[in-house]
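So the structure is just underneath, and the comments pick up after that.
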Amino acid sequence: MRRKGYGVPSKQSSRSMSAGALDKAMQLHQRGGLQDALVLYDEILKTNPKHFDALRMSAMVHFQKGDLQEAEKRFLNAINVKADYAPVYCDYGLTLQKLGRIDEAISNYDKAISIDPRFSNAHFNRGVALISGDKFDDAILSYDRAIHLSPGHTKAHLNRGFALFKLNRLEEAVESFNNAIRTNEDSADAYYSRGVIFAKLNRTPEAVASFDKAIAINPFHEDAYYNRGCALEALQRLDEALANYDKALALKPDFPEAHYNRGSVFYTLKRFDDALACFDQALAVKPDYFDAQVYRGNTLQELLRFEDALESYEQAILINPHSTDAHVNRGSALIELKRFDDAIAGYFEAASRDPNAALIYNNMSHLLLLFGNFKDGLEFYEWRKKTKEPVGNRDFDKPLWLGQTSLRGRTILVHEEQGVGDVIQFCRYVKLLAAEGAKVIFAVPEKLSLLMQSLGGGVHVCLISEIPPAFDFHCPLMSLPLAFKTDAPTIPAQTPYLAAAPDRVSALRSKLSGNGAKKVCGLSWRSKAGMTGDKRSVDLAKLFDVLDPEGYVFVSLQYGDVSGEIAALKDAVGIEIVSIPEIDNFADMDGFAALVDACDVVLSIDNTTVHMAGALNKTTFLMLPYLPDWRWLLDREDSPWYPSMRLFRQGSHGNWDGVFRAVSAALVDARGA
């Protein structure tokens, strides 16, 4: 038997009313004349209140106008008139879905399917309802049925891909979007959605290409521009990323995420004033935008506006009181303001809500150690092993030693952690272990292995990448101060505790000093240490605006390519900084140690150089920012870690002028010594 077509008047209703009146109403309806069509449908219903087609189509007008209660009433009336017509259940289901009554909507789609199992749109709409209820597996089954019945159903392929995405079945989602493209090569949404999945899969160049296709089809697709910007940012094509965020904002000025991401690019580029303006715009559109508040605070810290940064972090905490990052950043702003008690109180308050907040405890340890509270600070420092990027947390089948038992005659594995400077500073404790009768295996990076052999007897040096010999206990290097119950007076400060190769030192000293004609000043001025590197670093040209070079040969102890800065200094003021090309100051630690030991005095910022110089007992002048790393403590001109070191501190944030004048005077004094 031939099945009736959907969406046309039934023969029964046509007999009861003028076909001409209904046709005219439907023509108006199709052209968008909803109100005029409704007038005609209502005229028909006045004559025949049970006219099925007029009831159904007038219900659809009310649905389209957003009058959902009236639409619901009329669809129910239509169903009462004709209960075996599948599309009316589908239409009624859409209305119930709009009203948020998802289970009832699904029930009506099921009724439509029971009447006509081959009704593709009923399966599709059922999938949409299931997705809105987060029932993604069931939704996929409905879309599969819709696609089986209508292989060219582009939206079913699209929605199936979305459901797979929500289930993190990303490769399958890509295939669904590919199928959507095969059914409709002009579907911008299919290319866009595929691009989003490619980005999630870190197939970033393919993501960019997919967004390109979406934009070529629909040049007004603001989400495609935005996500293309995200992909380009991930590829470090920052100028192009900015251009795409700008295009997204041109199409949608109130796009908070685009403002935020634009700000993040400016932040990366260190264009902090521009970044701040973007975060402000994001918050103007979306005042409860947590990430924008946090990054606004970070930007204000970079601009040394710590009071304003503190206000931003406090606003972020109001939005999300349980955010560890917001509390940690608030603490950092308080510390920069030297409101240490407030910072500690804030850390404890945050930790009381999240006792497993490792980052909070780790940051608290740094603050306590900065005060010189070694007892509590070193205990809290153990939380570094449980942060999102843990250090010192290597796991072995042997017990961790933290001083609980004598090691005499026992073997302990000490494994390095964190940076080269940390290994150089704390390897002194390895000698203490050996002095107490322990057999020590010290696992270090290859570039430090030869230098660490100068620690002497009782220490077996191996590579961190090797399987170590048998041992009884293990301890990460930077837990040794805790194990030895270190306090400021008990820091093992006997230097030198490392030694460079004497022949190399002698040859370098003779070469650099002109056989003793001048004193040699080793110089290091830049740090690449994460978020704090810029704060620690100094401008070479500005340093030599103040520094008195008389009587010194300056040798570069700086790692990385700084040839441009050295050449610029020579061109500007005629001062030459000597580099030793056969020594790689980053990779060749043995050569670097010899170079440092060949110097009469070392002038450096806080980086690996000062630890090498201190370990070799060289006269060292350390230039410190206003708020230094914890190991340099507060308000001291000396270091309990390195007796040969003098500390020169900024008097205010970012102001190096006083430091430069003081170290220049110290160099003059050292020249005459």
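As shown in the structure tokens, the chain order sets the letters A, B, ...; within each chain, residues go from 1, and ligands are also counted from 1 in the order they appear.
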Next on the checklist: I need the residues of stretch 284-352 of chain A that end up classed as alpha helix (DSSP H) by DSSP on the backbone, written out as a VMD selection string.
Outcome noted: chain A and resid 284 to 285 290 to 302 306 to 319 324 to 336 340 to 352
Please dump the current selection as a short mmCIF file (atom, residue, chain, number, x, y, z; two decimals), in the first residue's frame; keep C-alpha atoms.
data_model
loop_
_atom_site.label_atom_id
_atom_site.label_comp_id
_atom_site.auth_asym_id
_atom_site.auth_seq_id
_atom_site.Cartn_x
_atom_site.Cartn_y
_atom_site.Cartn_z
CA ALA A 284 33.06 44.10 30.56
CA VAL A 285 31.15 41.54 28.50
CA PHE A 290 37.19 33.69 36.12
CA ASP A 291 40.19 33.13 33.82
CA ALA A 292 40.09 36.74 32.65
CA GLN A 293 40.21 37.98 36.25
CA VAL A 294 43.16 35.71 37.06
CA TYR A 295 45.13 36.72 33.97
CA ARG A 296 44.24 40.35 34.55
CA GLY A 297 45.92 39.96 37.94
CA ASN A 298 48.94 38.27 36.37
CA THR A 299 49.25 41.10 33.86
CA LEU A 300 49.00 43.74 36.57
CA GLN A 301 51.79 41.96 38.45
CA GLU A 302 53.96 42.18 35.34
CA PHE A 306 50.47 44.74 42.83
CA GLU A 307 47.58 46.38 44.69
CA ASP A 308 45.47 46.25 41.53
CA ALA A 309 46.57 42.66 40.91
CA LEU A 310 45.49 41.74 44.42
CA GLU A 311 42.03 43.20 43.74
CA SER A 312 41.72 41.10 40.56
CA TYR A 313 42.65 37.90 42.37
CA GLU A 314 40.15 38.66 45.12
CA GLN A 315 37.45 39.15 42.50
CA ALA A 316 38.46 35.82 40.94
CA ILE A 317 38.14 34.12 44.34
CA LEU A 318 34.62 35.54 44.72
CA ILE A 319 33.77 33.87 41.39
CA THR A 324 43.89 26.89 44.05
CA ASP A 325 45.47 29.01 41.32
CA ALA A 326 43.57 32.14 42.37
CA HIS A 327 44.62 31.73 46.00
CA VAL A 328 48.23 31.04 45.06
CA ASN A 329 48.35 34.10 42.80
CA ARG A 330 46.72 36.23 45.49
CA GLY A 331 49.47 35.05 47.81
CA SER A 332 52.14 36.01 45.29
CA ALA A 333 50.73 39.55 45.05
CA LEU A 334 50.69 39.88 48.84
CA ILE A 335 54.28 38.65 48.98
CA GLU A 336 55.36 41.21 46.37
CA PHE A 340 53.81 38.25 54.44
CA ASP A 341 51.45 37.59 57.36
CA ASP A 342 48.44 38.18 55.10
CA ALA A 343 49.90 35.84 52.50
CA ILE A 344 50.40 33.04 55.03
CA ALA A 345 46.92 33.55 56.49
CA GLY A 346 45.47 33.38 52.99
CA TYR A 347 47.38 30.20 52.20
CA PHE A 348 46.16 28.53 55.40
CA GLU A 349 42.58 29.59 54.73
CA ALA A 350 42.73 28.19 51.20
CA ALA A 351 44.37 24.97 52.41
CA SER A 352 41.63 24.51 55.02
#
Contacts of stretch 421-424 of chain A within 12 Å, only C-alpha atoms, excl. fewer than 4 positions in-chain, as a compact mmCIF listing (two decimals) with N, CA and C atoms, in the first residue's frame:
# COMPACT_ATOMS: atom_id res chain seq x y z
N GLY A 392 61.09 15.64 42.42
CA GLY A 392 61.60 14.91 43.58
C GLY A 392 60.75 13.74 43.99
N VAL A 414 70.90 8.96 46.14
CA VAL A 414 70.44 10.35 46.09
C VAL A 414 70.22 10.71 44.64
N HIS A 415 69.01 11.13 44.30
CA HIS A 415 68.70 11.44 42.90
C HIS A 415 68.46 12.94 42.74
N GLU A 416 69.07 13.49 41.69
CA GLU A 416 68.96 14.93 41.45
C GLU A 416 67.53 15.29 41.10
N GLU A 417 67.22 16.57 41.28
CA GLU A 417 65.92 17.08 40.87
C GLU A 417 66.08 18.57 40.54
N ARG A 428 76.29 19.54 48.37
CA ARG A 428 77.11 19.57 49.60
C ARG A 428 76.62 18.54 50.62
N TYR A 429 75.30 18.27 50.60
CA TYR A 429 74.74 17.31 51.55
C TYR A 429 75.16 15.88 51.24
N VAL A 430 75.49 15.62 49.99
CA VAL A 430 75.96 14.29 49.62
C VAL A 430 77.28 14.00 50.35
N PHE A 442 75.08 8.75 43.76
CA PHE A 442 74.53 10.06 43.41
C PHE A 442 74.19 10.05 41.92
N ALA A 443 72.88 10.08 41.60
CA ALA A 443 72.42 10.02 40.21
C ALA A 443 72.19 11.43 39.69
N VAL A 444 72.93 11.79 38.64
CA VAL A 444 72.91 13.16 38.13
C VAL A 444 72.82 13.16 36.60
N PRO A 445 72.50 14.30 36.00
CA PRO A 445 72.54 14.38 34.53
C PRO A 445 73.96 14.20 34.02
N LYS A 447 75.79 15.83 32.00
CA LYS A 447 76.70 16.99 31.91
C LYS A 447 77.29 17.38 33.27
N LEU A 448 76.72 16.85 34.38
CA LEU A 448 77.25 17.14 35.70
C LEU A 448 78.07 15.99 36.28
N SER A 449 78.13 14.87 35.59
CA SER A 449 78.71 13.67 36.19
C SER A 449 80.18 13.84 36.54
N LEU A 451 81.94 16.69 37.00
CA LEU A 451 82.11 17.69 38.05
C LEU A 451 81.75 17.12 39.42
N MET A 452 80.67 16.32 39.50
CA MET A 452 80.23 15.78 40.78
C MET A 452 81.21 14.75 41.35
N SER A 454 84.12 15.33 41.80
CA SER A 454 85.04 16.09 42.66
C SER A 454 84.53 16.17 44.10
N LEU A 455 83.32 15.65 44.36
CA LEU A 455 82.83 15.62 45.74
C LEU A 455 83.70 14.73 46.62
N PRO A 476 65.46 12.15 47.42
CA PRO A 476 65.69 13.21 46.43
C PRO A 476 66.64 14.25 47.01
N LEU A 477 67.46 14.82 46.17
CA LEU A 477 68.53 15.72 46.63
C LEU A 477 68.01 16.82 47.54
N MET A 478 66.88 17.45 47.15
CA MET A 478 66.46 18.64 47.88
C MET A 478 65.60 18.31 49.10
N SER A 479 65.50 17.02 49.41
CA SER A 479 64.94 16.62 50.72
C SER A 479 66.04 16.43 51.76
N LEU A 480 67.30 16.46 51.34
CA LEU A 480 68.39 16.25 52.29
C LEU A 480 68.47 17.34 53.36
N PRO A 496 85.55 25.65 49.31
CA PRO A 496 84.85 25.01 48.19
C PRO A 496 84.50 23.55 48.50
N TYR A 497 83.38 23.10 47.94
CA TYR A 497 83.05 21.67 48.04
C TYR A 497 83.02 21.01 46.66
N LEU A 498 83.23 21.80 45.60
CA LEU A 498 83.46 21.28 44.26
C LEU A 498 84.80 21.79 43.77
N ALA A 499 85.36 21.12 42.78
CA ALA A 499 86.67 21.55 42.25
C ALA A 499 86.67 21.42 40.73
N SER A 527 68.59 35.37 33.03
CA SER A 527 68.02 34.10 33.47
C SER A 527 66.85 33.74 32.56
N ALA A 529 64.69 31.37 33.67
CA ALA A 529 63.96 30.54 34.63
C ALA A 529 62.48 30.87 34.64
N PHE A 586 76.47 26.20 28.86
CA PHE A 586 75.27 25.48 29.25
C PHE A 586 75.52 23.97 29.31
N MET A 589 79.71 21.57 31.69
CA MET A 589 79.82 22.04 33.07
C MET A 589 81.24 21.95 33.61
N ALA A 593 82.95 25.24 34.95
CA ALA A 593 83.54 25.34 36.29
C ALA A 593 84.96 25.89 36.22
N ASP A 606 70.77 36.06 39.75
CA ASP A 606 70.44 34.78 40.37
C ASP A 606 70.20 33.72 39.29
N ASN A 607 71.25 32.94 39.04
CA ASN A 607 71.14 31.83 38.08
C ASN A 607 72.20 30.79 38.44
N THR A 608 72.44 29.84 37.57
CA THR A 608 73.39 28.76 37.85
C THR A 608 74.78 29.29 38.16
N THR A 609 75.16 30.40 37.53
CA THR A 609 76.51 30.93 37.68
C THR A 609 76.86 31.20 39.14
N VAL A 610 75.92 31.81 39.91
CA VAL A 610 76.26 32.16 41.29
C VAL A 610 76.45 30.90 42.14
N HIS A 611 75.72 29.86 41.84
CA HIS A 611 75.89 28.63 42.61
C HIS A 611 77.23 27.97 42.30
N MET A 612 77.61 28.00 41.04
CA MET A 612 78.92 27.47 40.67
C MET A 612 80.02 28.28 41.35
N ALA A 613 79.90 29.61 41.30
CA ALA A 613 80.93 30.47 41.91
C ALA A 613 80.99 30.27 43.42
N GLY A 614 79.81 30.17 44.06
CA GLY A 614 79.79 29.96 45.50
C GLY A 614 80.37 28.62 45.90
N ALA A 615 80.05 27.58 45.12
CA ALA A 615 80.56 26.24 45.43
C ALA A 615 82.07 26.17 45.28
N LEU A 616 82.62 27.03 44.40
CA LEU A 616 84.08 27.06 44.17
C LEU A 616 84.76 28.10 45.06
N ARG A 631 66.03 31.14 48.83
CA ARG A 631 67.35 30.74 49.34
C ARG A 631 68.23 31.94 49.69
N TRP A 641 74.64 30.24 52.81
CA TRP A 641 75.01 29.12 51.94
C TRP A 641 76.41 29.28 51.37
N TYR A 642 76.83 30.53 51.13
CA TYR A 642 78.10 30.77 50.43
C TYR A 642 78.85 31.91 51.12
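Around A:Lys519, within 9 Å and counting only C-alpha atoms, the residues found are Leu512, Ser513, Gly516, Ala517, Cys521, Gly551, Tyr552, Val553, Phe554, Cys599, Asp600, Val601 and Arg671 of chain A, once anything fewer than 2 positions away on its own chain is removed.
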What's the 8 Å shell around stretch 169-176 of chain A, counting only C-alpha atoms, without same-chain residues fewer than 2 positions away, as a compact mmCIF listing (two decimals) with C-alpha atoms, in the first residue's frame?
# COMPACT_ATOMS: atom_id res chain seq x y z
CA HIS A 157 26.12 13.06 10.78
CA LEU A 158 26.99 16.38 12.46
CA ARG A 160 26.50 12.12 15.79
CA GLY A 161 29.97 13.63 15.63
CA PHE A 162 29.10 15.98 18.50
CA ALA A 163 27.88 13.09 20.66
CA LEU A 164 31.09 11.17 19.94
CA PHE A 165 33.07 14.27 20.86
CA LYS A 166 31.27 14.48 24.21
CA LEU A 167 32.21 10.84 24.82
CA ASN A 178 33.90 13.63 7.24
CA ASN A 179 30.63 11.86 6.41
CA ALA A 180 28.75 15.12 6.92
CA ARG A 194 36.05 18.70 12.30
CA ILE A 197 38.31 17.80 16.89
CA PHE A 198 41.59 18.05 15.00
CA LYS A 200 41.70 18.39 20.39
CA LEU A 201 43.79 15.64 18.81
Checklist entry - Could you state the separation of atom CA of A:Glu43 and atom CA of A:Glu72 in Å, given to one decimal place? => result 19.6 Å
Checklist entry - What does the distance from atom CA of A:Ala665 to atom CA of A:Arg649 come to in Å, to one decimal? => result 14.4 Å
With only C-alpha atoms counted and 12 Å as the cut-off, give the residues of stretch 314-379 of chain A in contact with stretch 385-388 of chain A, each with its shortest interatomic distance in Å and the pair that gives it, as a Markdown table.
| residue | atom | partner | partner_atom | distance |
| --- | --- | --- | --- | --- |
| A:Thr324 | CA | A:Thr387 | CA | 11.1 |
| A:Asp325 | CA | A:Lys388 | CA | 11.4 |
| A:Asn356 | CA | A:Lys386 | CA | 8.8 |
| A:Ala357 | CA | A:Thr387 | CA | 8.0 |
| A:Ala358 | CA | A:Thr387 | CA | 5.1 |
| A:Leu359 | CA | A:Thr387 | CA | 5.5 |
| A:Ile360 | CA | A:Thr387 | CA | 9.1 |
| A:Tyr361 | CA | A:Thr387 | CA | 9.4 |
| A:Asn362 | CA | A:Thr387 | CA | 7.9 |
| A:Asn363 | CA | A:Thr387 | CA | 10.4 |
| A:Glu379 | CA | A:Lys385 | CA | 11.8 |
So that I have them on file, write out the residues from the current selection with C-alpha atoms, as an mmCIF file, in the first residue's frame.
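Saved as selection.cif:
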data_model
loop_
_atom_site.group_PDB
_atom_site.id
_atom_site.type_symbol
_atom_site.label_atom_id
_atom_site.label_comp_id
_atom_site.auth_asym_id
_atom_site.auth_seq_id
_atom_site.Cartn_x
_atom_site.Cartn_y
_atom_site.Cartn_z
ATOM 1 C CA THR A 324 43.888 26.887 44.053
ATOM 2 C CA ASP A 325 45.471 29.010 41.323
ATOM 3 C CA ASN A 356 45.308 18.303 49.351
ATOM 4 C CA ALA A 357 46.165 21.584 47.619
ATOM 5 C CA ALA A 358 49.825 20.747 47.050
ATOM 6 C CA LEU A 359 50.563 23.986 45.189
ATOM 7 C CA ILE A 360 49.368 26.062 48.162
ATOM 8 C CA TYR A 361 51.576 24.178 50.599
ATOM 9 C CA ASN A 362 54.525 24.287 48.213
ATOM 10 C CA ASN A 363 54.213 28.062 47.834
ATOM 11 C CA GLU A 379 58.541 20.204 55.942
#
Item to check | Non-local contacts of stretch 102-111 of chain A (8 Å; only C-alpha atoms; under 4 positions in same chain excluded) as a PyMOL selection string | outcome: chain A and resi 86+89-90+92-97+115+122-123+125-126+129-130+132-133
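With distances restricted to only C-alpha atoms, A:Arg646 is the closest residue to A:Thr620 from A:Lys98, A:Arg408, A:His148, A:Arg646.
Closest approach to A:Ala483 among A:Val196, A:Leu407, A:Val596, A:Ala214: A:Leu407, based on only C-alpha atoms.
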Item to check | Residues near A:Leu76, cut-off 10 Å, only C-alpha atoms, skip fewer than 2 positions along chain, as an MDAnalysis selection string | outcome: chainID A and resid 55:56 59 70:74 78:83 88:89 92
Resulting file, chosen residues, N, CA and C atoms, as an mmCIF file, in the first residue's frame:
data_model
loop_
_atom_site.group_PDB
_atom_site.id
_atom_site.type_symbol
_atom_site.label_atom_id
_atom_site.label_comp_id
_atom_site.auth_asym_id
_atom_site.auth_seq_id
_atom_site.Cartn_x
_atom_site.Cartn_y
_atom_site.Cartn_z
ATOM 1 N N LEU A 55 -5.422 22.389 12.707
ATOM 2 C CA LEU A 55 -4.913 22.299 14.077
ATOM 3 C C LEU A 55 -3.388 22.130 14.088
ATOM 4 N N ARG A 56 -2.919 21.177 13.292
ATOM 5 C CA ARG A 56 -1.476 20.896 13.284
ATOM 6 C C ARG A 56 -0.677 22.092 12.788
ATOM 7 N N ALA A 59 -0.750 25.010 15.161
ATOM 8 C CA ALA A 59 0.149 24.699 16.278
ATOM 9 C C ALA A 59 1.595 24.991 15.891
ATOM 10 N N GLU A 70 0.400 27.500 23.805
ATOM 11 C CA GLU A 70 -0.680 27.384 22.833
ATOM 12 C C GLU A 70 -0.342 26.315 21.794
ATOM 13 N N ALA A 71 0.933 26.236 21.398
ATOM 14 C CA ALA A 71 1.340 25.189 20.460
ATOM 15 C C ALA A 71 1.075 23.814 21.050
ATOM 16 N N GLU A 72 1.446 23.633 22.329
ATOM 17 C CA GLU A 72 1.216 22.341 22.982
ATOM 18 C C GLU A 72 -0.269 21.977 22.961
ATOM 19 N N LYS A 73 -1.124 22.936 23.321
ATOM 20 C CA LYS A 73 -2.563 22.670 23.369
ATOM 21 C C LYS A 73 -3.087 22.234 22.004
ATOM 22 N N ARG A 74 -2.645 22.922 20.940
ATOM 23 C CA ARG A 74 -3.169 22.607 19.610
ATOM 24 C C ARG A 74 -2.620 21.276 19.080
ATOM 25 N N ALA A 78 -4.806 18.115 17.889
ATOM 26 C CA ALA A 78 -4.604 17.432 16.608
ATOM 27 C C ALA A 78 -4.432 15.931 16.824
ATOM 28 N N ILE A 79 -3.654 15.554 17.872
ATOM 29 C CA ILE A 79 -3.442 14.134 18.167
ATOM 30 C C ILE A 79 -4.760 13.457 18.546
ATOM 31 N N ASN A 80 -5.613 14.193 19.263
ATOM 32 C CA ASN A 80 -6.915 13.631 19.632
ATOM 33 C C ASN A 80 -7.788 13.373 18.406
ATOM 34 N N VAL A 81 -7.569 14.204 17.383
ATOM 35 C CA VAL A 81 -8.333 14.024 16.146
ATOM 36 C C VAL A 81 -7.763 12.876 15.324
ATOM 37 N N LYS A 82 -6.427 12.798 15.254
ATOM 38 C CA LYS A 82 -5.789 11.786 14.397
ATOM 39 C C LYS A 82 -4.580 11.233 15.146
ATOM 40 N N ALA A 83 -4.780 10.112 15.788
ATOM 41 C CA ALA A 83 -3.769 9.562 16.696
ATOM 42 C C ALA A 83 -2.762 8.652 16.016
ATOM 43 N N VAL A 88 2.895 14.372 13.599
ATOM 44 C CA VAL A 88 2.363 15.266 14.616
ATOM 45 C C VAL A 88 3.005 14.967 15.971
ATOM 46 N N TYR A 89 3.313 13.704 16.236
ATOM 47 C CA TYR A 89 4.028 13.363 17.477
ATOM 48 C C TYR A 89 5.446 13.951 17.458
ATOM 49 N N TYR A 92 5.029 17.656 18.123
ATOM 50 C CA TYR A 92 4.713 17.845 19.535
ATOM 51 C C TYR A 92 5.964 17.607 20.395
#
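Atom CA of A:Phe255 is found 22.8 Å from atom CA of A:Thr204.
Proximity of A:Ala541, A:Lys252, A:Gln494, A:Arg509 to A:Pro643, computed with only C-alpha atoms, is greatest for A:Gln494.
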Checklist entry - With only C-alpha atoms as the basis for distance, which of A:Leu402, A:Ala209, A:Ala594, A:Ala146 is at the shortest distance from A:Gly127? => result A:Ala146
Item to check | Residues near A:Tyr245, cut-off 6 Å, only C-alpha atoms, skip fewer than 5 positions along chain, as a PyMOL selection string | outcome: chain A and resi 226+229+258
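Among the candidates A:Ser406, A:Ser150, A:Thr486, A:Ser58, the one nearest to A:Asp376 when counting only C-alpha atoms is A:Thr486.
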Next on the checklist: Just list as a list in words whatever in stretch 384-487 of chain A DSSP marks as strand (DSSP E or B).
Outcome noted: Leu400, Thr411, Ile412, Leu413, Val414, His415, Lys439, Val440, Ile441, Phe442, Ala443, Val444, Val459, His460, Val461, Cys462, Leu463, Phe473, His474, Cys475 and Pro476 of chain A
